[in-house]
Amino acid sequence: MPDYSWPPMEKRKVIGKRISRLDGMVKSTGAAKYNSDINPPGLLFGVLLTSPHGHARIKSIDTSEAERLPGVTAVRVILGAGKEIQWQGQEIASLAAVTEDIARDAARKIKVDYEILEHFVDEEDLAKAGSRAKPAGEVTTGDPDKAFQEADAISQGYYAIPVITHCCLEPHGQTVRWRGERVDYWPSTQNVSALGAELARSIKVPVTQVHTDMQYMGGGFGSKFPADLWGTECAELSKASGGRPVKMFLDRQQELLMAGNRPSVFGEIKVGAKKDGSLTVWQSKTWASGGLGGGNLNADQMPYVYRNVPNRRINHTAVSINAGSARAWRAPNNQQLSYITCCALDDLAAKLGMDSLDFFIKNTSLSPRGEVYKYQLEKGAEIAEWKKLWKPRGTSNGPIKRGLGIGVNMWGGLGHDSKCRAIINPDGSVEVQIGTQDLGVGTRTIVPQVAAETLGLPMPAIKFSMGSNAYPPSGASGGSTTVGGVTASTRKATVNALNKLFEVVAPSLGVPADQLEAVDRKIQVKGNPAKSLSWQAACAKLGVNRIEEMGENVGRTAPREGLISQGAAGIQIADVSVDIETGKVKLNRLIAVQDCGLIVNPKLAESQIFGACIMSTCGALYEERVMDQQIGKTLNADMEFYKLSGINDIGEIIVHLDLRPEMDKRGVIGLGEPPAIGGIAAIANAVANAVGVRVHMVPLTPNRVLEALARRNA
Amino acid sequence: MKDLKDPTQSTTGETPGKGFSRRGFLRGVGVSSGALTAGVLQNEAEAAETVNESANVSGPGEVPVTLTINGKAMKVSVEPRATLLDTLRNKLDLTAAKRVCDRGTCGACTVIMNGKAVYACTVLAIDAQGKQIQTLEGLSANGKPHPVSQAFVNNDAQQCGYCTPGFVVATKNFLDHNPNPTEEQVKQGLGGNLCRCGTYMGIRKAALEAAKTMGGGKNA
């Protein structure tokens, strides 16, 4: 087998360098065409009519007036008379028209008569959930009751984290042209390679007829894997309109109602420890909802990271409500697990009268990667000046209270299945092809980095073709699997192609092919630049034949090969100031220490972590879907009242990438999810440290902070 | 700094929480009075129509307008209710400005009108006539990227890139009015735009770097 291993750290010329993202300029000059930007000739605009009610039955639907409106080309009923609607935003009808305004007018002209049914949208009060609550059963390990009896300190608390939405800036949707036997499919997706097959199945055409293309996409965060009902509708509208292309993207309200969310979690937690701080027992009763399907949590992973506590009792209940369904949300379940765990542990440390840093470090032995967390907590504490700044809970003076808090994260991040084709042409040009996508994480940049490193070429010499199902299939971008998948497949394909080139040029250099190397635009005898051919001259020896080689990463077997592996760990430390007169929380600093193996591009990796931390500030301080049990609707399906952090809301973010050689040796590991996990817990704990009382629910709005303070003073 | 966006062009001052925007209202007026059942709206619509009778009547249906975009006069046919943003994107194929919140909150559609940054989703195309409109497409002169665009690349001030055009235009306009900003002023001045991927750290640096390359940045 060829040697695919990464070059040693000190010899890398492109990998590991702070290279600017290659599509940076097209994005920052507006030249990048997202699929919501394309305007193919004859374009029609599609609109979905969605349910205004949380729970209802359609008594009748009349589309005749909409159909008669001049400019309307097709109207389709999705849910007809007699059908039950289960959430606000459920799709009822779709239509296409020559302009967007006409399409919206037409949607308003569809007459739907609803029978309103009883709804349930507030899962916080589990007692009211009735048959909508689906208990997952209790899991017990060790002897929790005995452990509580023997514990020196016990802490009991209630912790809550609400539903949040993905709020992708580019909404879900697509442009489709279904003309004859060809379907041109321009979606906004995390899944370029496989999405066409899904659409083909739903519109009943052979897969070979669907041509998927997406060069840029405006955010997914786990919500853009399926083709969705609106993909099918868009294609059918195109067909019904004589094959004219139809663009149909959700509007902002629909985007927040229909396109996925992260489930809530409410939890009553009881934890116990010995005087020396060793955690001995964990008991949790949690419930959650992510919409109609309930709310999974993987509750068995608690206490998160500190999983090997000897005594545990775990009890989780999923609650079904009349709201759009959950989708994977950047590190599914992990934010909630980290938040519930770290808050409960922080309260226990306070009960013990222990510095929570010491408590979190003391118990790292309960994690399989305890040594890594210990190192990271110490490193984070050093950056945060923890030992200098930390004070026991609630002992900060004056009306502005300062506090510090910790959150932890863990993730797999093993590269997904990926195939890469590497082409070396006789004129010296090189093309690398993968059916992958760049969600903004830098895929378009790191693949050419790997190819350039392997071939001894500068990055501009590599043409990277991606974003189409015409290229070799590669996995969906989710679960931090892309960087491992595409770097391994690219490394293998380019090594294979280079070896073919070596075979062709070896006779000219008078040595066996395995004595050659590619360095600085040359093919040379190993360690001997004098005996070499320029890249151009070497490729010219191909005559009329190009080299075309594949490389494949198979996730299941990849860790044995050494290019990639899994298991990322990280910690966040938050430093906040809380004004106890107004309840406003100000984030001073958020410090992230993260390990993710071999870093292909530190500049982009840091951006990922900055972004993940900023998302955490949204979840900790601002972001929450608000449902009204009176009317069964979402009150803030917009961006005025569904709050995200702005540029002035985030304080300073300090990233420390763990680049030690022993981490590098682990190979490439995904980074998208892990740093997005622990920040919410860190901020919540910092606020508890500052004000001396636990604020039970995030986001930590001024109102909630003041309520908690009132409770303390009562 | 808060008045970076022209307040007269923003809907954020309107009645919150009723799912009602100026734009939806205008659309409603454009549909038919039959769609308007609330008495207040009906009266306002009638009042609007009365005013229109004595003024220049535009619509119903598409009307020809001329917009001065990036120094060029562009003729286009739009409904009077069409926003500048939808006109740019759907009629003129100028798609750098993005439609995200569509009601004056997120800044992804920021363009410069008569020297002021505005949300193109809250400006009607017919109201933009006679004004100098600058979009991101017009910032890169002769194939040379604008210093703000270059600074965004250098500082990795973007991920998915969907908020980036709005941020670049907002930054350019901010620096036009504040050539020597402190970092604190940058944070205030760019508060009218939102990013979901979390690129603010890069944007802060990019704005300060661009100030320098544009000949200012003396307080950075």
# chains A, B, ... in the order shown; residues from 1 in each chain; ligands from 1
$ interface_residues --of "chain A" --to "chain B" --cutoff "8 Å" --atoms "only C-alpha atoms" --output "ChimeraX atom specification"
/A:20-21,24-25,27-33,37,39,101,105,167-171,216-219,252,438-442,603-604,607,610-615,635-636,638-641,644-648,653
$ residues_around --residues "Thr395 of chain A" --least-positions-apart "4" --cutoff "12 Å" --atoms "only C-alpha atoms" --output "ChimeraX atom specification"
/A:389-391,399-403,688-693
$ write_last_selection --atoms "all heavy atoms" --output "short mmCIF file (atom, residue, chain, number, x, y, z; two decimals), in the first residue's frame"
data_model
loop_
_atom_site.label_atom_id
_atom_site.label_comp_id
_atom_site.auth_asym_id
_atom_site.auth_seq_id
_atom_site.Cartn_x
_atom_site.Cartn_y
_atom_site.Cartn_z
N LEU A 389 -8.65 36.05 39.91
CA LEU A 389 -9.93 36.76 39.81
C LEU A 389 -11.09 36.05 40.51
O LEU A 389 -12.07 36.68 40.87
CB LEU A 389 -10.30 36.96 38.33
CG LEU A 389 -9.36 37.84 37.51
CD1 LEU A 389 -9.76 37.83 36.04
CD2 LEU A 389 -9.37 39.27 38.04
N TRP A 390 -10.99 34.72 40.66
CA TRP A 390 -12.15 33.99 41.20
C TRP A 390 -12.43 34.32 42.65
O TRP A 390 -11.53 34.42 43.47
CB TRP A 390 -11.91 32.47 41.05
CG TRP A 390 -13.13 31.67 41.48
CD1 TRP A 390 -14.21 31.36 40.72
CD2 TRP A 390 -13.37 31.08 42.77
NE1 TRP A 390 -15.10 30.62 41.45
CE2 TRP A 390 -14.63 30.44 42.71
CE3 TRP A 390 -12.65 31.06 43.97
CZ2 TRP A 390 -15.18 29.76 43.79
CZ3 TRP A 390 -13.19 30.40 45.07
CH2 TRP A 390 -14.45 29.75 44.97
N LYS A 391 -13.71 34.51 42.96
CA LYS A 391 -14.13 34.70 44.36
C LYS A 391 -15.27 33.72 44.63
O LYS A 391 -16.00 33.36 43.71
CB LYS A 391 -14.66 36.12 44.56
CG LYS A 391 -13.64 37.22 44.41
CD LYS A 391 -14.22 38.51 45.01
CE LYS A 391 -13.28 39.67 44.86
NZ LYS A 391 -13.44 40.39 43.62
N PRO A 399 -22.61 47.13 42.96
CA PRO A 399 -23.78 46.77 42.15
C PRO A 399 -23.41 45.97 40.89
O PRO A 399 -24.26 45.31 40.32
CB PRO A 399 -24.39 48.12 41.78
CG PRO A 399 -23.26 49.10 41.86
CD PRO A 399 -22.31 48.58 42.91
N ILE A 400 -22.16 46.07 40.43
CA ILE A 400 -21.73 45.28 39.27
C ILE A 400 -20.92 44.10 39.80
O ILE A 400 -19.84 44.27 40.36
CB ILE A 400 -20.85 46.11 38.30
CG1 ILE A 400 -21.50 47.45 37.95
CG2 ILE A 400 -20.50 45.30 37.06
CD1 ILE A 400 -22.68 47.36 37.03
N LYS A 401 -21.46 42.91 39.61
CA LYS A 401 -20.82 41.71 40.16
C LYS A 401 -20.08 40.98 39.03
O LYS A 401 -20.64 40.75 37.96
CB LYS A 401 -21.87 40.75 40.72
CG LYS A 401 -22.86 41.39 41.68
CD LYS A 401 -22.23 41.65 43.02
CE LYS A 401 -23.29 42.01 44.06
NZ LYS A 401 -22.66 42.54 45.28
N ARG A 402 -18.86 40.59 39.35
CA ARG A 402 -18.09 39.87 38.34
C ARG A 402 -18.01 38.39 38.74
O ARG A 402 -17.93 38.07 39.93
CB ARG A 402 -16.69 40.45 38.25
CG ARG A 402 -15.91 39.94 37.05
CD ARG A 402 -14.65 40.76 36.84
NE ARG A 402 -13.84 40.21 35.76
CZ ARG A 402 -12.65 40.69 35.42
NH1 ARG A 402 -12.14 41.71 36.07
NH2 ARG A 402 -11.97 40.14 34.43
N GLY A 403 -18.05 37.52 37.73
CA GLY A 403 -18.00 36.10 38.03
C GLY A 403 -17.34 35.29 36.93
O GLY A 403 -17.23 35.73 35.78
N ALA A 688 -23.95 32.69 37.93
CA ALA A 688 -24.24 32.18 39.27
C ALA A 688 -23.13 32.57 40.24
O ALA A 688 -23.39 32.98 41.36
CB ALA A 688 -24.40 30.66 39.23
N ASN A 689 -21.90 32.49 39.76
CA ASN A 689 -20.75 32.88 40.59
C ASN A 689 -20.81 34.37 40.94
O ASN A 689 -20.52 34.77 42.05
CB ASN A 689 -19.46 32.53 39.84
CG ASN A 689 -18.20 32.94 40.61
OD1 ASN A 689 -17.38 33.68 40.10
ND2 ASN A 689 -18.07 32.46 41.84
N ALA A 690 -21.23 35.16 39.95
CA ALA A 690 -21.26 36.61 40.17
C ALA A 690 -22.35 37.01 41.15
O ALA A 690 -22.09 37.76 42.10
CB ALA A 690 -21.46 37.32 38.83
N VAL A 691 -23.56 36.53 40.93
CA VAL A 691 -24.70 37.05 41.70
C VAL A 691 -25.00 36.20 42.93
O VAL A 691 -25.81 36.58 43.77
CB VAL A 691 -25.97 37.22 40.84
CG1 VAL A 691 -25.69 38.15 39.68
CG2 VAL A 691 -26.51 35.88 40.36
N GLY A 692 -24.38 35.03 43.02
CA GLY A 692 -24.55 34.22 44.22
C GLY A 692 -25.80 33.37 44.24
O GLY A 692 -26.14 32.79 45.27
N VAL A 693 -26.49 33.28 43.12
CA VAL A 693 -27.69 32.46 43.06
C VAL A 693 -27.84 31.92 41.65
O VAL A 693 -27.39 32.54 40.69
CB VAL A 693 -28.93 33.30 43.48
CG1 VAL A 693 -29.15 34.47 42.54
CG2 VAL A 693 -30.18 32.44 43.57
#
$ select_by_dssp --residues "segment 111-344 of chain A" --states "alpha helix (DSSP H)" --output "ChimeraX atom specification"
/A:144-150,192-203,228-240,252-258,334-344
$ write_last_selection --atoms "N, CA and C atoms" --output "short mmCIF file (atom, residue, chain, number, x, y, z; two decimals), in the first residue's frame"
data_model
loop_
_atom_site.label_atom_id
_atom_site.label_comp_id
_atom_site.auth_asym_id
_atom_site.auth_seq_id
_atom_site.Cartn_x
_atom_site.Cartn_y
_atom_site.Cartn_z
N PRO A 144 -27.45 4.55 43.77
CA PRO A 144 -27.56 5.98 44.00
C PRO A 144 -28.10 6.32 45.40
N ASP A 145 -29.08 5.56 45.87
CA ASP A 145 -29.66 5.90 47.18
C ASP A 145 -28.62 5.82 48.30
N LYS A 146 -27.87 4.74 48.27
CA LYS A 146 -26.82 4.55 49.27
C LYS A 146 -25.76 5.65 49.13
N ALA A 147 -25.43 5.97 47.89
CA ALA A 147 -24.40 7.00 47.65
C ALA A 147 -24.84 8.35 48.19
N PHE A 148 -26.13 8.67 48.04
CA PHE A 148 -26.61 9.94 48.60
C PHE A 148 -26.52 9.92 50.12
N GLN A 149 -26.82 8.76 50.73
CA GLN A 149 -26.72 8.65 52.19
C GLN A 149 -25.29 8.89 52.66
N GLU A 150 -24.35 8.42 51.85
CA GLU A 150 -22.95 8.50 52.27
C GLU A 150 -22.26 9.79 51.82
N VAL A 192 -24.82 17.77 -0.78
CA VAL A 192 -24.86 17.88 -2.24
C VAL A 192 -24.89 16.51 -2.93
N SER A 193 -24.08 15.58 -2.43
CA SER A 193 -23.95 14.31 -3.16
C SER A 193 -25.23 13.48 -3.16
N ALA A 194 -25.92 13.44 -2.02
CA ALA A 194 -27.04 12.51 -1.91
C ALA A 194 -28.41 13.15 -2.09
N LEU A 195 -28.46 14.47 -2.09
CA LEU A 195 -29.77 15.12 -2.09
C LEU A 195 -30.56 14.87 -3.37
N GLY A 196 -29.85 14.82 -4.49
CA GLY A 196 -30.53 14.60 -5.77
C GLY A 196 -31.26 13.27 -5.81
N ALA A 197 -30.67 12.27 -5.18
CA ALA A 197 -31.31 10.95 -5.15
C ALA A 197 -32.61 11.00 -4.36
N GLU A 198 -32.58 11.80 -3.28
CA GLU A 198 -33.79 11.93 -2.48
C GLU A 198 -34.89 12.64 -3.26
N LEU A 199 -34.51 13.69 -3.97
CA LEU A 199 -35.51 14.40 -4.79
C LEU A 199 -36.04 13.47 -5.88
N ALA A 200 -35.12 12.75 -6.53
CA ALA A 200 -35.51 11.85 -7.61
C ALA A 200 -36.56 10.84 -7.13
N ARG A 201 -36.33 10.33 -5.94
CA ARG A 201 -37.28 9.35 -5.38
C ARG A 201 -38.65 10.00 -5.17
N SER A 202 -38.65 11.21 -4.65
CA SER A 202 -39.95 11.81 -4.33
C SER A 202 -40.70 12.27 -5.58
N ILE A 203 -39.99 12.63 -6.63
CA ILE A 203 -40.71 13.05 -7.85
C ILE A 203 -40.71 11.93 -8.90
N ASP A 228 -36.68 17.85 1.64
CA ASP A 228 -37.87 18.47 2.21
C ASP A 228 -39.06 18.50 1.24
N LEU A 229 -40.21 18.65 1.85
CA LEU A 229 -41.43 18.71 1.06
C LEU A 229 -41.39 19.88 0.07
N TRP A 230 -40.75 20.98 0.51
CA TRP A 230 -40.71 22.14 -0.39
C TRP A 230 -39.82 21.89 -1.60
N GLY A 231 -38.88 20.96 -1.48
CA GLY A 231 -38.08 20.58 -2.66
C GLY A 231 -38.95 19.88 -3.69
N THR A 232 -39.74 18.92 -3.20
CA THR A 232 -40.66 18.20 -4.08
C THR A 232 -41.65 19.17 -4.72
N GLU A 233 -42.23 20.03 -3.90
CA GLU A 233 -43.23 20.98 -4.41
C GLU A 233 -42.63 21.88 -5.49
N CYS A 234 -41.43 22.35 -5.23
CA CYS A 234 -40.78 23.26 -6.18
C CYS A 234 -40.58 22.57 -7.53
N ALA A 235 -40.15 21.31 -7.49
CA ALA A 235 -39.95 20.55 -8.73
C ALA A 235 -41.29 20.33 -9.45
N GLU A 236 -42.30 19.96 -8.69
CA GLU A 236 -43.60 19.71 -9.31
C GLU A 236 -44.19 21.00 -9.89
N LEU A 237 -43.96 22.12 -9.23
CA LEU A 237 -44.44 23.40 -9.75
C LEU A 237 -43.75 23.74 -11.07
N SER A 238 -42.45 23.42 -11.14
CA SER A 238 -41.71 23.68 -12.38
C SER A 238 -42.28 22.84 -13.52
N LYS A 239 -42.51 21.57 -13.22
CA LYS A 239 -43.06 20.67 -14.24
C LYS A 239 -44.44 21.17 -14.69
N ALA A 240 -45.27 21.53 -13.70
CA ALA A 240 -46.63 21.98 -14.02
C ALA A 240 -46.64 23.31 -14.75
N ARG A 252 -38.94 34.54 6.20
CA ARG A 252 -38.29 34.48 7.52
C ARG A 252 -39.18 33.82 8.56
N GLN A 253 -40.47 34.12 8.54
CA GLN A 253 -41.36 33.51 9.52
C GLN A 253 -41.39 31.99 9.33
N GLN A 254 -41.54 31.58 8.07
CA GLN A 254 -41.55 30.13 7.79
C GLN A 254 -40.24 29.49 8.22
N GLU A 255 -39.13 30.17 7.94
CA GLU A 255 -37.82 29.63 8.28
C GLU A 255 -37.74 29.31 9.77
N LEU A 256 -38.26 30.20 10.60
CA LEU A 256 -38.18 29.98 12.04
C LEU A 256 -39.23 28.99 12.55
N LEU A 257 -40.31 28.81 11.78
CA LEU A 257 -41.36 27.89 12.23
C LEU A 257 -41.14 26.46 11.75
N MET A 258 -40.62 26.32 10.53
CA MET A 258 -40.70 25.02 9.85
C MET A 258 -39.37 24.31 9.70
N ASN A 334 -25.80 17.91 22.78
CA ASN A 334 -24.61 18.15 23.60
C ASN A 334 -24.64 19.48 24.35
N GLN A 335 -25.21 20.51 23.72
CA GLN A 335 -25.30 21.79 24.44
C GLN A 335 -26.15 21.62 25.68
N GLN A 336 -27.27 20.92 25.51
CA GLN A 336 -28.19 20.73 26.64
C GLN A 336 -27.53 19.86 27.72
N LEU A 337 -26.87 18.78 27.28
CA LEU A 337 -26.23 17.88 28.25
C LEU A 337 -25.13 18.60 29.01
N SER A 338 -24.35 19.40 28.30
CA SER A 338 -23.27 20.14 28.93
C SER A 338 -23.83 21.16 29.91
N TYR A 339 -24.88 21.85 29.46
CA TYR A 339 -25.49 22.90 30.31
C TYR A 339 -26.04 22.29 31.60
N ILE A 340 -26.85 21.24 31.47
CA ILE A 340 -27.46 20.63 32.66
C ILE A 340 -26.37 20.10 33.59
N THR A 341 -25.40 19.40 33.03
CA THR A 341 -24.34 18.80 33.84
C THR A 341 -23.48 19.84 34.54
N CYS A 342 -22.96 20.77 33.75
CA CYS A 342 -21.99 21.72 34.33
C CYS A 342 -22.66 22.64 35.35
N CYS A 343 -23.94 22.99 35.14
CA CYS A 343 -24.62 23.83 36.12
C CYS A 343 -24.80 23.07 37.42
N ALA A 344 -25.21 21.80 37.32
CA ALA A 344 -25.43 21.01 38.53
C ALA A 344 -24.11 20.81 39.28
#
$ closest_residue --among "B:Ser77, B:Thr83, B:Asn70, B:Asn142" --to "Asn114 of chain B" --atoms "only C-alpha atoms"
B:Asn70
$ select_by_dssp --residues "segment 413-450 of chain A" --states "strand (DSSP E)" --output "PDB file with N, CA, C and O atoms, in the first residue's frame"
ATOM      1  N   SER A 418     -15.893   9.469   1.915  1.00  0.00           N
ATOM      2  CA  SER A 418     -15.642  10.506   0.913  1.00  0.00           C
ATOM      3  C   SER A 418     -14.790   9.930  -0.201  1.00  0.00           C
ATOM      4  O   SER A 418     -13.843   9.181   0.045  1.00  0.00           O
ATOM      5  N   LYS A 419     -15.154  10.273  -1.420  1.00  0.00           N
ATOM      6  CA  LYS A 419     -14.331   9.877  -2.569  1.00  0.00           C
ATOM      7  C   LYS A 419     -13.822  11.133  -3.263  1.00  0.00           C
ATOM      8  O   LYS A 419     -14.550  12.119  -3.389  1.00  0.00           O
ATOM      9  N   CYS A 420     -12.594  11.032  -3.716  1.00  0.00           N
ATOM     10  CA  CYS A 420     -11.971  12.179  -4.387  1.00  0.00           C
ATOM     11  C   CYS A 420     -11.337  11.693  -5.682  1.00  0.00           C
ATOM     12  O   CYS A 420     -10.767  10.598  -5.740  1.00  0.00           O
ATOM     13  N   ARG A 421     -11.471  12.497  -6.733  1.00  0.00           N
ATOM     14  CA  ARG A 421     -10.784  12.197  -7.999  1.00  0.00           C
ATOM     15  C   ARG A 421      -9.704  13.258  -8.196  1.00  0.00           C
ATOM     16  O   ARG A 421      -9.984  14.457  -8.108  1.00  0.00           O
ATOM     17  N   ALA A 422      -8.473  12.785  -8.449  1.00  0.00           N
ATOM     18  CA  ALA A 422      -7.379  13.721  -8.719  1.00  0.00           C
ATOM     19  C   ALA A 422      -6.929  13.525 -10.159  1.00  0.00           C
ATOM     20  O   ALA A 422      -6.697  12.399 -10.600  1.00  0.00           O
ATOM     21  N   ILE A 423      -6.829  14.625 -10.868  1.00  0.00           N
ATOM     22  CA  ILE A 423      -6.468  14.571 -12.284  1.00  0.00           C
ATOM     23  C   ILE A 423      -5.195  15.383 -12.513  1.00  0.00           C
ATOM     24  O   ILE A 423      -5.105  16.541 -12.095  1.00  0.00           O
ATOM     25  N   ILE A 424      -4.207  14.759 -13.150  1.00  0.00           N
ATOM     26  CA  ILE A 424      -3.006  15.496 -13.569  1.00  0.00           C
ATOM     27  C   ILE A 424      -2.977  15.469 -15.093  1.00  0.00           C
ATOM     28  O   ILE A 424      -2.986  14.399 -15.706  1.00  0.00           O
ATOM     29  N   VAL A 430      -3.823  20.679 -12.715  1.00  0.00           N
ATOM     30  CA  VAL A 430      -4.288  19.674 -11.754  1.00  0.00           C
ATOM     31  C   VAL A 430      -5.717  20.013 -11.352  1.00  0.00           C
ATOM     32  O   VAL A 430      -6.039  21.170 -11.086  1.00  0.00           O
ATOM     33  N   GLU A 431      -6.561  19.004 -11.339  1.00  0.00           N
ATOM     34  CA  GLU A 431      -7.923  19.215 -10.861  1.00  0.00           C
ATOM     35  C   GLU A 431      -8.252  18.166  -9.804  1.00  0.00           C
ATOM     36  O   GLU A 431      -7.917  16.986  -9.958  1.00  0.00           O
ATOM     37  N   VAL A 432      -8.901  18.629  -8.747  1.00  0.00           N
ATOM     38  CA  VAL A 432      -9.377  17.731  -7.704  1.00  0.00           C
ATOM     39  C   VAL A 432     -10.897  17.873  -7.644  1.00  0.00           C
ATOM     40  O   VAL A 432     -11.405  18.993  -7.642  1.00  0.00           O
ATOM     41  N   GLN A 433     -11.587  16.733  -7.636  1.00  0.00           N
ATOM     42  CA  GLN A 433     -13.050  16.781  -7.653  1.00  0.00           C
ATOM     43  C   GLN A 433     -13.632  16.005  -6.475  1.00  0.00           C
ATOM     44  O   GLN A 433     -13.266  14.847  -6.252  1.00  0.00           O
TER      45      GLN A 433
END
$ residues_around --residues "Ala220 of chain B" --least-positions-apart "3" --cutoff "9 Å" --atoms "only C-alpha atoms" --output "NGL selection string"
:B and (180-183 or 208-209 or 211-212 or 217)
$ residues_around --residues "Pro392 of chain A" --least-positions-apart "5" --cutoff "8 Å" --atoms "only C-alpha atoms" --output "JSON, numbers by chain"
{"A": [350, 353, 355, 689]}
